[in-house]
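Quick look at data_17.cif (mmCIF, C-alpha atoms):
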```cif
data_run
loop_
_atom_site.label_atom_id
_atom_site.label_comp_id
_atom_site.auth_asym_id
_atom_site.auth_seq_id
_atom_site.Cartn_x
_atom_site.Cartn_y
_atom_site.Cartn_z
CA MET X 1 89.43 -123.65 8.17
CA ARG X 2 89.43 -122.82 4.49
CA LYS X 3 86.12 -124.71 4.04
CA ARG X 4 84.44 -122.76 6.81
CA ASN X 5 85.54 -119.51 5.23
CA HIS X 6 84.12 -120.64 1.86
CA PHE X 7 80.64 -121.30 3.35
CA GLN X 8 80.78 -117.96 5.12
CA TYR X 9 81.47 -116.27 1.80
CA ILE X 10 78.50 -117.99 0.09
CA ARG X 11 76.24 -117.07 3.01
CA ASN X 12 77.23 -113.42 2.73
CA ILE X 13 76.54 -113.37 -1.03
CA ALA X 14 73.13 -115.00 -0.57
CA GLY X 15 72.27 -112.47 2.10
CA SER X 16 73.25 -109.63 -0.19
CA ILE X 17 71.18 -111.02 -3.08
CA GLY X 18 68.16 -111.51 -0.79
CA LEU X 19 68.46 -107.98 0.48
CA ALA X 20 68.63 -106.65 -3.08
CA LEU X 21 65.56 -108.62 -4.10
CA LEU X 22 63.69 -107.36 -1.06
CA VAL X 23 64.57 -103.75 -1.85
CA ALA X 24 63.57 -104.24 -5.50
CA ALA X 25 60.27 -105.78 -4.52
CA CYS X 26 59.51 -102.91 -2.16
CA ALA X 27 60.38 -100.38 -4.85
CA GLU X 28 58.14 -102.12 -7.39
CA GLU X 29 55.29 -102.23 -4.90
CA HIS X 30 55.75 -98.51 -4.17
CA GLN X 31 55.71 -97.65 -7.87
CA ALA X 32 52.58 -99.71 -8.59
CA GLY X 33 50.63 -98.09 -5.74
CA PRO X 34 47.54 -99.54 -4.12
CA ALA X 35 44.99 -101.38 -6.25
CA MET X 36 42.34 -99.02 -7.82
CA MET X 37 38.92 -99.43 -6.18
CA THR X 38 35.76 -99.53 -8.30
CA PRO X 39 33.92 -96.21 -7.79
CA GLN X 40 30.32 -96.29 -6.61
CA ALA X 41 27.59 -94.15 -8.18
CA VAL X 42 23.87 -93.44 -8.01
CA VAL X 43 22.28 -93.08 -11.44
CA GLN X 44 19.10 -91.60 -12.86
CA GLU X 45 17.41 -92.34 -16.15
CA VAL X 46 16.96 -89.57 -18.69
CA GLU X 47 13.20 -89.01 -19.04
CA ARG X 48 10.74 -86.96 -21.00
CA LYS X 49 8.42 -84.47 -19.32
CA ASN X 50 5.78 -81.99 -20.34
CA ILE X 51 7.29 -78.78 -19.04
CA THR X 52 5.97 -75.26 -18.77
CA VAL X 53 8.20 -72.80 -20.60
CA GLU X 54 8.51 -69.56 -18.64
CA ALA X 55 10.09 -66.16 -19.12
CA GLU X 56 11.44 -63.97 -16.33
CA LEU X 57 10.55 -60.34 -17.03
CA PRO X 58 10.68 -57.03 -15.15
CA GLY X 59 7.42 -55.48 -14.01
CA ARG X 60 5.96 -52.65 -11.97
CA THR X 61 2.73 -52.58 -10.00
CA GLU X 62 -0.09 -50.14 -10.69
CA ALA X 63 -3.50 -49.60 -9.15
CA SER X 64 -6.25 -51.21 -11.20
CA VAL X 65 -8.33 -47.99 -11.16
CA ILE X 66 -7.02 -44.45 -10.59
CA ALA X 67 -9.34 -41.46 -10.16
CA GLU X 68 -8.04 -37.90 -9.81
CA VAL X 69 -10.26 -35.67 -7.70
CA ARG X 70 -10.56 -32.29 -9.47
CA PRO X 71 -12.91 -29.34 -8.92
CA GLN X 72 -15.65 -28.70 -11.45
CA VAL X 73 -16.48 -25.29 -9.94
CA GLY X 74 -14.24 -22.66 -8.42
CA GLY X 75 -14.20 -21.26 -4.93
CA ILE X 76 -12.70 -21.33 -1.45
CA ILE X 77 -12.44 -24.72 0.29
CA LEU X 78 -14.47 -24.54 3.50
CA SER X 79 -13.59 -28.03 4.77
CA VAL X 80 -11.68 -31.23 3.99
CA ASN X 81 -13.90 -34.13 5.01
CA PHE X 82 -11.67 -37.21 4.80
CA THR X 83 -8.63 -38.71 6.51
CA GLU X 84 -5.59 -38.92 4.27
CA GLY X 85 -4.65 -42.51 3.47
CA SER X 86 -8.05 -43.90 4.43
CA PHE X 87 -10.50 -45.98 2.42
CA VAL X 88 -13.41 -43.99 1.01
CA ASN X 89 -16.62 -45.21 -0.57
CA GLU X 90 -18.13 -43.86 -3.75
CA GLY X 91 -20.26 -40.83 -2.86
CA ASP X 92 -18.47 -39.99 0.40
CA PRO X 93 -18.01 -36.19 0.85
CA LEU X 94 -14.39 -35.14 0.34
CA TYR X 95 -14.32 -31.32 0.09
CA GLN X 96 -16.82 -28.53 0.65
CA ILE X 97 -16.37 -25.49 -1.58
CA ASP X 98 -18.07 -22.23 -0.52
CA PRO X 99 -21.60 -22.54 -2.02
CA ALA X 100 -22.78 -18.96 -1.41
CA THR X 101 -22.39 -17.63 -4.96
CA TYR X 102 -23.87 -20.82 -6.42
CA LYS X 103 -26.92 -20.61 -4.16
CA ALA X 104 -27.43 -17.04 -5.36
CA SER X 105 -27.07 -18.15 -8.96
CA LEU X 106 -29.70 -20.81 -8.38
CA LEU X 107 -32.14 -18.27 -6.89
CA GLN X 108 -31.57 -15.96 -9.82
CA ALA X 109 -32.17 -18.80 -12.31
CA GLU X 110 -35.36 -19.81 -10.51
CA ALA X 111 -36.59 -16.19 -10.63
CA THR X 112 -35.87 -16.04 -14.34
CA LEU X 113 -37.84 -19.26 -14.78
CA GLU X 114 -40.85 -17.87 -12.92
CA ARG X 115 -40.78 -14.72 -15.05
CA ALA X 116 -40.58 -16.83 -18.20
CA LYS X 117 -43.52 -18.94 -17.05
CA ALA X 118 -45.58 -15.80 -16.40
CA ASN X 119 -44.80 -14.48 -19.88
CA GLN X 120 -45.62 -17.90 -21.27
CA ASN X 121 -49.02 -17.91 -19.56
CA ALA X 122 -49.86 -14.41 -20.86
CA ALA X 123 -48.79 -15.36 -24.37
CA ARG X 124 -50.91 -18.51 -24.27
CA LEU X 125 -54.04 -16.64 -23.15
CA LYS X 126 -53.58 -14.02 -25.86
CA ALA X 127 -53.00 -16.65 -28.53
CA ASP X 128 -56.07 -18.59 -27.43
CA ARG X 129 -58.29 -15.47 -27.61
CA LEU X 130 -57.06 -14.42 -31.04
CA ASN X 131 -57.38 -17.93 -32.44
CA ALA X 132 -61.00 -18.02 -31.20
CA LEU X 133 -61.77 -14.64 -32.81
CA LYS X 134 -60.16 -15.75 -36.05
CA LYS X 135 -63.23 -17.87 -36.86
CA SER X 136 -65.50 -14.81 -36.78
CA LYS X 137 -62.94 -12.79 -38.72
CA ALA X 138 -62.88 -10.21 -35.94
CA VAL X 139 -59.07 -10.06 -36.04
CA SER X 140 -56.56 -10.06 -38.83
CA GLN X 141 -54.46 -13.07 -39.72
CA GLN X 142 -51.38 -11.01 -38.92
CA ASP X 143 -52.50 -10.52 -35.31
CA VAL X 144 -53.14 -14.25 -34.97
CA ASP X 145 -49.73 -15.13 -36.40
CA ASP X 146 -47.99 -12.63 -34.11
CA ALA X 147 -49.76 -14.08 -31.05
CA ASN X 148 -48.82 -17.65 -31.96
CA ALA X 149 -45.20 -16.64 -32.56
CA ALA X 150 -45.11 -14.84 -29.21
CA LEU X 151 -46.37 -18.02 -27.52
CA MET X 152 -43.67 -20.10 -29.17
CA GLN X 153 -41.06 -17.60 -28.05
CA ALA X 154 -42.41 -17.69 -24.51
CA ASN X 155 -42.25 -21.50 -24.54
CA ALA X 156 -38.62 -21.37 -25.64
CA GLU X 157 -37.78 -18.87 -22.90
CA VAL X 158 -39.28 -21.23 -20.32
CA LEU X 159 -37.13 -24.09 -21.63
CA GLY X 160 -34.04 -21.88 -21.49
CA ALA X 161 -34.85 -20.77 -17.95
CA GLU X 162 -35.39 -24.38 -16.86
CA ALA X 163 -31.98 -25.28 -18.28
CA GLN X 164 -30.41 -22.43 -16.33
CA VAL X 165 -32.02 -23.70 -13.14
CA THR X 166 -30.72 -27.21 -13.83
CA ASN X 167 -27.23 -25.88 -14.51
CA ALA X 168 -27.29 -23.78 -11.34
CA LYS X 169 -28.34 -26.84 -9.30
CA ILE X 170 -25.51 -28.88 -10.83
CA ASN X 171 -22.95 -26.21 -10.00
CA LEU X 172 -24.30 -25.96 -6.46
CA ASP X 173 -24.03 -29.74 -6.10
CA TYR X 174 -20.44 -29.58 -7.35
CA THR X 175 -19.51 -27.44 -4.35
CA GLN X 176 -19.76 -30.62 -2.28
CA MET X 177 -17.08 -32.78 -3.86
CA GLU X 178 -17.74 -36.51 -3.48
CA ALA X 179 -15.61 -39.59 -4.08
CA PRO X 180 -16.11 -40.74 -7.70
CA ILE X 181 -15.06 -44.32 -6.85
CA SER X 182 -14.43 -46.49 -3.81
CA GLY X 183 -10.76 -46.93 -2.98
CA GLN X 184 -7.72 -45.78 -1.06
CA ILE X 185 -7.35 -42.00 -1.03
CA GLY X 186 -3.95 -40.39 -0.75
CA ARG X 187 -2.87 -37.05 0.62
CA THR X 188 -4.73 -33.83 -0.10
CA ASN X 189 -2.92 -31.23 -2.16
CA PHE X 190 -5.25 -28.42 -1.03
CA THR X 191 -6.32 -27.55 2.49
CA GLN X 192 -9.09 -25.51 4.06
CA GLY X 193 -9.00 -21.92 2.81
CA ALA X 194 -7.33 -22.72 -0.50
CA LEU X 195 -8.79 -21.34 -3.72
CA VAL X 196 -9.49 -23.92 -6.41
CA SER X 197 -10.80 -23.58 -9.95
CA PRO X 198 -11.85 -25.83 -12.84
CA GLY X 199 -9.02 -26.76 -15.19
CA GLN X 200 -6.27 -26.26 -12.62
CA VAL X 201 -3.04 -28.22 -13.16
CA ASN X 202 -2.87 -30.10 -9.86
CA GLU X 203 -5.45 -32.61 -8.74
CA MET X 204 -6.85 -32.18 -5.25
CA ALA X 205 -6.35 -35.85 -4.31
CA VAL X 206 -6.05 -39.28 -5.93
CA ILE X 207 -8.17 -42.35 -5.19
CA GLN X 208 -6.78 -45.76 -6.16
CA VAL X 209 -8.30 -49.23 -6.27
CA LEU X 210 -5.59 -51.55 -4.93
CA ASN X 211 -7.45 -54.84 -5.19
CA PRO X 212 -7.06 -56.23 -7.76
CA MET X 213 -3.60 -54.87 -8.60
CA LYS X 214 -2.19 -54.52 -12.09
CA VAL X 215 1.41 -55.39 -13.00
CA ASN X 216 2.84 -53.75 -16.12
CA ILE X 217 5.41 -55.95 -17.87
CA THR X 218 7.83 -55.24 -20.72
CA TYR X 219 8.59 -58.14 -23.06
CA SER X 220 11.06 -58.33 -25.94
CA SER X 221 9.19 -58.34 -29.23
CA ALA X 222 11.75 -60.77 -30.69
CA GLU X 223 11.19 -63.28 -27.88
CA TYR X 224 7.44 -62.86 -28.18
CA ALA X 225 7.59 -63.56 -31.91
CA ALA X 226 9.75 -66.67 -31.34
CA VAL X 227 7.29 -68.07 -28.79
CA ARG X 228 4.31 -67.36 -31.03
CA LYS X 229 6.08 -69.15 -33.87
CA LYS X 230 6.64 -72.24 -31.71
CA ILE X 231 3.02 -72.24 -30.61
CA MET X 232 1.78 -71.89 -34.19
CA SER X 233 4.08 -74.71 -35.35
CA GLY X 234 3.01 -77.02 -32.52
CA VAL X 235 6.35 -77.08 -30.68
CA TYR X 236 4.61 -75.44 -27.72
CA THR X 237 0.98 -75.88 -26.74
CA PRO X 238 -0.82 -72.90 -25.18
CA THR X 239 -1.22 -72.75 -21.42
CA LYS X 240 -4.70 -72.54 -19.91
CA VAL X 241 -6.28 -70.26 -17.30
CA GLU X 242 -9.69 -70.50 -15.69
CA ASN X 243 -12.28 -67.89 -16.62
CA LEU X 244 -13.68 -66.97 -13.21
CA GLU X 245 -16.90 -65.67 -14.76
CA THR X 246 -17.74 -68.76 -16.83
CA GLY X 247 -15.72 -71.39 -14.98
CA GLU X 248 -14.25 -72.59 -18.28
CA TRP X 249 -10.55 -73.04 -19.07
CA GLU X 250 -9.27 -70.83 -21.86
CA ASP X 251 -5.93 -70.15 -23.55
CA GLY X 252 -4.01 -67.76 -21.35
CA HIS X 253 -0.81 -67.14 -19.40
CA LEU X 254 -0.42 -67.45 -15.65
CA VAL X 255 2.04 -65.14 -13.92
CA ARG X 256 3.96 -65.38 -10.66
CA ILE X 257 5.84 -62.47 -9.12
CA TYR X 258 8.80 -62.08 -6.78
CA LEU X 259 8.72 -59.05 -4.51
CA GLU X 260 11.52 -56.56 -3.95
CA ASP X 261 12.88 -58.61 -1.02
CA GLY X 262 13.12 -61.70 -3.24
CA SER X 263 10.15 -63.52 -1.72
CA LEU X 264 7.56 -65.23 -3.91
CA TYR X 265 4.12 -63.62 -3.75
CA ASP X 266 1.45 -66.12 -2.70
CA GLU X 267 -1.22 -65.20 -5.25
CA VAL X 268 -0.99 -66.26 -8.91
CA GLY X 269 -2.09 -63.75 -11.54
CA TYR X 270 -2.80 -63.90 -15.24
CA ILE X 271 -2.14 -61.83 -18.34
CA LYS X 272 -5.19 -59.65 -18.83
CA PHE X 273 -4.05 -57.43 -21.68
CA SER X 274 -1.36 -57.47 -24.39
CA ASP X 275 -0.49 -54.40 -26.43
CA LEU X 276 1.14 -55.78 -29.57
CA THR X 277 2.43 -52.38 -30.67
CA VAL X 278 6.23 -52.48 -30.49
CA ASP X 279 7.95 -49.57 -28.77
CA PRO X 280 10.53 -48.45 -31.37
CA THR X 281 12.91 -47.10 -28.70
CA THR X 282 13.11 -50.32 -26.66
CA GLY X 283 12.00 -53.03 -29.10
CA SER X 284 9.54 -54.34 -26.53
CA ILE X 285 5.80 -54.82 -26.16
CA PHE X 286 3.58 -54.13 -23.18
CA LEU X 287 1.82 -56.84 -21.16
CA GLN X 288 -0.47 -56.28 -18.21
CA ALA X 289 -1.16 -58.90 -15.54
CA GLN X 290 -3.76 -58.80 -12.78
CA PHE X 291 -3.37 -60.10 -9.21
CA GLU X 292 -5.54 -60.35 -6.15
CA ASN X 293 -3.92 -58.09 -3.54
CA ASP X 294 -3.69 -59.26 0.06
CA GLY X 295 -2.20 -55.91 1.06
CA SER X 296 1.41 -56.78 0.22
CA LEU X 297 1.36 -55.00 -3.13
CA LEU X 298 1.60 -51.22 -3.33
CA PRO X 299 1.46 -49.08 -6.48
CA GLY X 300 4.84 -48.40 -8.05
CA MET X 301 6.67 -51.44 -6.65
CA PHE X 302 9.29 -53.11 -8.86
CA VAL X 303 8.67 -56.86 -9.15
CA ARG X 304 10.23 -59.76 -11.00
CA THR X 305 7.60 -61.63 -12.98
CA VAL X 306 7.65 -65.24 -14.22
CA VAL X 307 5.27 -65.52 -17.17
CA GLN X 308 4.08 -68.83 -18.60
CA GLN X 309 4.71 -68.91 -22.35
CA GLY X 310 3.61 -72.39 -23.37
CA ILE X 311 4.02 -76.10 -22.69
CA GLU X 312 6.80 -78.12 -24.34
CA GLU X 313 5.66 -81.72 -24.51
CA GLY X 314 8.17 -84.58 -24.23
CA ALA X 315 11.23 -82.50 -23.33
CA LEU X 316 14.35 -84.47 -22.30
CA VAL X 317 15.35 -83.59 -18.74
CA VAL X 318 18.06 -84.64 -16.29
CA SER X 319 18.79 -83.57 -12.75
CA GLN X 320 21.04 -80.54 -12.46
CA LYS X 321 23.26 -82.70 -10.20
CA ALA X 322 24.20 -84.79 -13.25
CA VAL X 323 25.69 -81.94 -15.28
CA THR X 324 29.19 -80.54 -14.89
CA GLN X 325 29.97 -77.12 -16.29
CA GLY X 326 33.48 -77.19 -17.74
CA PRO X 327 35.80 -74.49 -19.05
CA GLY X 328 34.57 -72.62 -22.08
CA GLY X 329 30.95 -73.29 -21.15
CA VAL X 330 31.12 -76.99 -22.14
CA SER X 331 28.59 -79.10 -20.23
CA THR X 332 29.19 -82.81 -19.65
CA VAL X 333 27.49 -85.79 -18.02
CA VAL X 334 28.75 -89.23 -17.07
CA VAL X 335 26.70 -91.88 -18.89
CA ILE X 336 26.58 -95.45 -17.55
CA ASP X 337 25.98 -98.13 -20.18
CA GLN X 338 24.39 -101.56 -19.70
CA GLU X 339 27.74 -103.06 -18.57
CA ASN X 340 28.09 -100.31 -15.93
CA ILE X 341 30.92 -98.70 -17.87
CA ALA X 342 31.16 -94.92 -17.33
CA HIS X 343 31.68 -92.58 -20.28
CA ILE X 344 31.99 -88.79 -20.19
CA ARG X 345 29.74 -87.18 -22.81
CA PRO X 346 29.22 -83.52 -23.76
CA VAL X 347 25.62 -82.27 -23.84
CA GLU X 348 23.85 -79.12 -24.99
CA ILE X 349 21.57 -77.52 -22.41
CA SER X 350 18.44 -75.68 -23.51
CA ARG X 351 17.35 -74.13 -20.20
CA ALA X 352 16.63 -74.84 -16.55
CA TYR X 353 13.32 -76.28 -15.38
CA GLU X 354 12.76 -76.50 -11.63
CA GLN X 355 15.63 -78.76 -10.38
CA ASP X 356 16.41 -80.18 -13.84
CA TRP X 357 18.16 -79.19 -17.04
CA VAL X 358 16.34 -79.45 -20.35
CA ILE X 359 18.67 -81.22 -22.79
CA ALA X 360 18.74 -80.07 -26.41
CA GLN X 361 21.37 -82.55 -27.67
CA GLY X 362 23.62 -85.32 -26.40
CA LEU X 363 21.28 -87.70 -24.56
CA LYS X 364 18.47 -90.12 -25.30
CA GLU X 365 15.46 -91.14 -23.27
CA GLY X 366 16.24 -94.05 -20.93
CA GLU X 367 20.01 -93.51 -20.76
CA ARG X 368 21.49 -93.54 -17.28
CA VAL X 369 23.56 -90.66 -15.92
CA VAL X 370 25.43 -90.31 -12.64
CA VAL X 371 23.75 -88.01 -10.11
CA LYS X 372 25.71 -89.01 -6.97
CA GLY X 373 29.32 -90.09 -6.73
CA LEU X 374 30.06 -88.02 -9.80
CA GLN X 375 33.38 -86.68 -8.52
CA SER X 376 34.80 -90.12 -7.71
CA VAL X 377 33.77 -91.48 -11.12
CA GLN X 378 35.32 -88.50 -12.89
CA SER X 379 38.53 -88.95 -10.87
CA ALA X 380 38.67 -92.64 -11.84
CA ILE X 381 38.27 -91.76 -15.51
CA GLN X 382 41.02 -89.15 -15.17
CA ARG X 383 43.38 -91.67 -13.56
CA SER X 384 42.70 -94.07 -16.42
CA GLY X 385 43.86 -91.47 -18.91
CA GLY X 386 40.35 -90.50 -19.97
CA GLN X 387 39.31 -94.06 -20.77
CA PRO X 388 35.92 -95.45 -19.66
CA VAL X 389 35.94 -97.18 -16.29
CA LYS X 390 33.84 -99.76 -14.53
CA VAL X 391 31.54 -98.44 -11.79
CA GLU X 392 29.35 -100.03 -9.17
CA VAL X 393 25.78 -98.76 -9.44
CA ILE X 394 24.15 -98.62 -6.02
CA PRO X 395 20.72 -97.50 -4.78
CA ASP X 396 20.36 -93.99 -3.42
CA ASP X 397 20.71 -94.49 0.34
CA ASN X 398 22.35 -91.09 0.94
CA THR X 399 25.70 -92.72 1.77
CA ILE X 400 27.51 -90.95 -1.06
CA GLN X 401 27.30 -87.44 -2.43
#
```

Using structure tokens, write down the structure that the file contains.
Amino acid sequence: MRKRNHFQYIRNIAGSIGLALLVAACAEEHQAGPAMMTPQAVVQEVERKNITVEAELPGRTEASVIAEVRPQVGGIILSVNFTEGSFVNEGDPLYQIDPATYKASLLQAEATLERAKANQNAARLKADRLNALKKSKAVSQQDVDDANAALMQANAEVLGAEAQVTNAKINLDYTQMEAPISGQIGRTNFTQGALVSPGQVNEMAVIQVLNPMKVNITYSSAEYAAVRKKIMSGVYTPTKVENLETGEWEDGHLVRIYLEDGSLYDEVGYIKFSDLTVDPTTGSIFLQAQFENDGSLLPGMFVRTVVQQGIEEGALVVSQKAVTQGPGGVSTVVVIDQENIAHIRPVEISRAYEQDWVIAQGLKEGERVVVKGLQSVQSAIQRSGGQPVKVEVIPDDNTIQ
């Protein structure tokens, strides 16, 4: 009986010890957690590219040619001979000013001319007679000189009268106002029955050439000077544009524009003119680009321009997916070495280029950076206390983000 109780006691102790060990083992397993899995990542090599350096600048459209229609003679408008907003050709009649007084002036000038011609003819005949009699000394030298002077005066009067006729014809022609250029004409500021005069403040109408269209651009003089310095030092090479007249490629700057709704305009323009005089109030210079107009561009529109500045050869670029923007503006990438060990490294970004970042410092050509699976790799590094971790580099099959 006592022996059976002794074995029962040992069995109870063993059971208690086993239970304690089991609980301890479970607790240890809970504290250790599951085994850390090796994160997977897709990488991309840092490469060098020849990139086009661009500047985004504000601009405003303007007609390539603007002609104000103004009267050169005064009078009452008898008719307006165009449709507002229509296209007019050079020489098309626009306004008819009452020509009555100008017709009368022309008749008067023609009469004056005829009278001058008659006087001229009489003076010529008299001078011819006296010059013939001079040889026989039948007249005095004074009479001959007076006759010749009278002829010269008559000739001058004819010239003056002819000029008056020409001027009267010009003024009469001005009563029919014609389009000075071909283009789109706007509204008329004067209607039938209105009195107009030369030198008046308001134009009668405005004609604009909308194709091609100009875009006026303001550009910081400091930025312009910095770009010119880089081109002169060889950091940038000049961009090229095709001369449509000669077919040759020349140094120039292509321009793209975004319209007011944010859409990219289909046509590509080029810088046609640069005014290198700095505006002292704004510290900017004036550039003018030219675009073919498919009808989408109207004068006075605000546009966002992207102007080519130069080409930077051999710039280091990485995908924007590889870069993480941290607090304080610090940018980092995850670099994978030859043993597939991941390291977090700060980098300095120069600017954006298409879907890439241009790297100023922090990376070398050929180094590998994570472009997919970045979050899981960063989490693994964080769990390791910031120490580098092993990763599995896999091909980009779109299975991870």

To verify the selection step, state as a PyMOL selection string which residues the PyMOL selection byres ((chain X and resi 218-227) around 9) yields on this input.
-> chain X and resi 57-59+216-217+228-232+236+276+278-279+282-288+309-310

Can I get the selected residues back with C-alpha atoms, as an mmCIF file, in the frame of the given file?
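In the end it all went to selection37.cif:
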```
data_model
loop_
_atom_site.group_PDB
_atom_site.id
_atom_site.type_symbol
_atom_site.label_atom_id
_atom_site.label_comp_id
_atom_site.auth_asym_id
_atom_site.auth_seq_id
_atom_site.Cartn_x
_atom_site.Cartn_y
_atom_site.Cartn_z
ATOM 1 C CA LEU X 57 10.550 -60.340 -17.030
ATOM 2 C CA PRO X 58 10.680 -57.030 -15.150
ATOM 3 C CA GLY X 59 7.420 -55.480 -14.010
ATOM 4 C CA ASN X 216 2.840 -53.750 -16.120
ATOM 5 C CA ILE X 217 5.410 -55.950 -17.870
ATOM 6 C CA ARG X 228 4.310 -67.360 -31.030
ATOM 7 C CA LYS X 229 6.080 -69.150 -33.870
ATOM 8 C CA LYS X 230 6.640 -72.240 -31.710
ATOM 9 C CA ILE X 231 3.020 -72.240 -30.610
ATOM 10 C CA MET X 232 1.780 -71.890 -34.190
ATOM 11 C CA TYR X 236 4.610 -75.440 -27.720
ATOM 12 C CA LEU X 276 1.140 -55.780 -29.570
ATOM 13 C CA VAL X 278 6.230 -52.480 -30.490
ATOM 14 C CA ASP X 279 7.950 -49.570 -28.770
ATOM 15 C CA THR X 282 13.110 -50.320 -26.660
ATOM 16 C CA GLY X 283 12.000 -53.030 -29.100
ATOM 17 C CA SER X 284 9.540 -54.340 -26.530
ATOM 18 C CA ILE X 285 5.800 -54.820 -26.160
ATOM 19 C CA PHE X 286 3.580 -54.130 -23.180
ATOM 20 C CA LEU X 287 1.820 -56.840 -21.160
ATOM 21 C CA GLN X 288 -0.470 -56.280 -18.210
ATOM 22 C CA GLN X 309 4.710 -68.910 -22.350
ATOM 23 C CA GLY X 310 3.610 -72.390 -23.370
#
```

Output check: residues returned by the PyMOL selection byres ((chain X and resi 239) around 10), as a ChimeraX atom specification | /X:52-53,236-238,240-241,249-254,308-311

Please produce a file of those selected residues containing C-alpha atoms, as a PDB file, in the coordinates of the input.
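After the write, part-v8.pdb holds the following:
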```
ATOM      1  CA  THR X  52       5.970 -75.260 -18.770  1.00  0.00           C
ATOM      2  CA  VAL X  53       8.200 -72.800 -20.600  1.00  0.00           C
ATOM      3  CA  TYR X 236       4.610 -75.440 -27.720  1.00  0.00           C
ATOM      4  CA  THR X 237       0.980 -75.880 -26.740  1.00  0.00           C
ATOM      5  CA  PRO X 238      -0.820 -72.900 -25.180  1.00  0.00           C
ATOM      6  CA  LYS X 240      -4.700 -72.540 -19.910  1.00  0.00           C
ATOM      7  CA  VAL X 241      -6.280 -70.260 -17.300  1.00  0.00           C
ATOM      8  CA  TRP X 249     -10.550 -73.040 -19.070  1.00  0.00           C
ATOM      9  CA  GLU X 250      -9.270 -70.830 -21.860  1.00  0.00           C
ATOM     10  CA  ASP X 251      -5.930 -70.150 -23.550  1.00  0.00           C
ATOM     11  CA  GLY X 252      -4.010 -67.760 -21.350  1.00  0.00           C
ATOM     12  CA  HIS X 253      -0.810 -67.140 -19.400  1.00  0.00           C
ATOM     13  CA  LEU X 254      -0.420 -67.450 -15.650  1.00  0.00           C
ATOM     14  CA  GLN X 308       4.080 -68.830 -18.600  1.00  0.00           C
ATOM     15  CA  GLN X 309       4.710 -68.910 -22.350  1.00  0.00           C
ATOM     16  CA  GLY X 310       3.610 -72.390 -23.370  1.00  0.00           C
ATOM     17  CA  ILE X 311       4.020 -76.100 -22.690  1.00  0.00           C
TER      18      ILE X 311
END
```

Could you tell me which of X:Thr101, X:Gln176, X:Ser319, X:Gln120 comes closest to X:Gln72 if we count all atoms listed in the file?
-> X:Gln176

Please write as a ChimeraX atom specification the full residue list that the PyMOL selection byres ((chain X and resi 365) around 6) yields on this file.
-> /X:46-47,364,366-367

Please identify all polymer residues within 8 Å of X:Trp357, counting all atoms listed in the file, omitting same-chain residues fewer than 4 positions from it, and present them as an MDAnalysis selection string.
-> chainID X and resid 317:320 349:353

Identify which of the residues X:Ile51, X:Leu78, X:Leu264, X:Val73 lies closest to X:Gln200, counting all atoms listed in the file when measuring atom-to-atom distances.
->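 For X:Gln200, the nearest of the candidates is X:Val73.
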
Take atom CA of X:Tyr95 and atom CA of X:Glu178 and report the distance between them in Å, one decimal.
->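 That distance, rounded to one decimal, is 7.2 Å.
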
For stretch 102-107 of chain X, please output as a PyMOL selection string all residues within 7 Å (counting all atoms listed in the file; exclusion window: fewer than 6 positions along the same chain).
-> chain X and resi 165+168-169+171-172

Write the residues you've just listed into a file as a PDB file, keeping the file's coordinate frame, and include C-alpha atoms for each of them.
```pdb
ATOM      1  CA  VAL X 165     -32.020 -23.700 -13.140  1.00  0.00           C
ATOM      2  CA  ALA X 168     -27.290 -23.780 -11.340  1.00  0.00           C
ATOM      3  CA  LYS X 169     -28.340 -26.840  -9.300  1.00  0.00           C
ATOM      4  CA  ASN X 171     -22.950 -26.210 -10.000  1.00  0.00           C
ATOM      5  CA  LEU X 172     -24.300 -25.960  -6.460  1.00  0.00           C
TER       6      LEU X 172
END
```

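The interatomic distance for the pair atom CA of X:Gln164 and atom CA of X:Ala179 works out to 25.8 Å.
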
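Atom CA of X:Ser263 sits 14.8 Å away from atom CA of X:Gly295.
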
Using only C-alpha atoms: which of X:Pro388, X:Gly74, X:Pro280, X:Gly300 has the shortest distance to X:Ile341 |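 Nearest candidate to X:Ile341 out of X:Pro388, X:Gly74, X:Pro280, X:Gly300: X:Pro388.
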
If you count all atoms listed in the file, which residues fall within 7 Å of X:Asp98, apart from same-chain ones fewer than 3 positions away, as a PyMOL selection string?
-> chain X and resi 75-78+175

Enclose the full set of atoms of stretch 353-364 of chain X listed in the file within a box whose edges lie along x, y and z, apply 3 Å of padding to each of the six sides, and report centre and edge lengths in Å to one decimal as AutoDock Vina command-line options.
```
--center_x 18.2 --center_y -83.2 --center_z -19.0 --size_x 16.9 --size_y 19.8 --size_z 23.3
```

With only C-alpha atoms as the atoms that count, which of X:Val369, X:Val255, X:Ile336, X:Leu316 lies nearest to X:Glu348?
->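 Selected residue with least distance to X:Glu348: X:Leu316.
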
Selection near X:Ala41, 7 Å with all atoms listed in the file, sequence-local residues under 3 positions removed, as a VMD selection string = chain X and resid 370 372 to 374 391 to 394

All residues 12 Å or closer to stretch 154-162 of chain X, only C-alpha atoms, same chain fewer than 3 positions away omitted, as a ChimeraX atom specification = /X:106-127,147-151,165-169
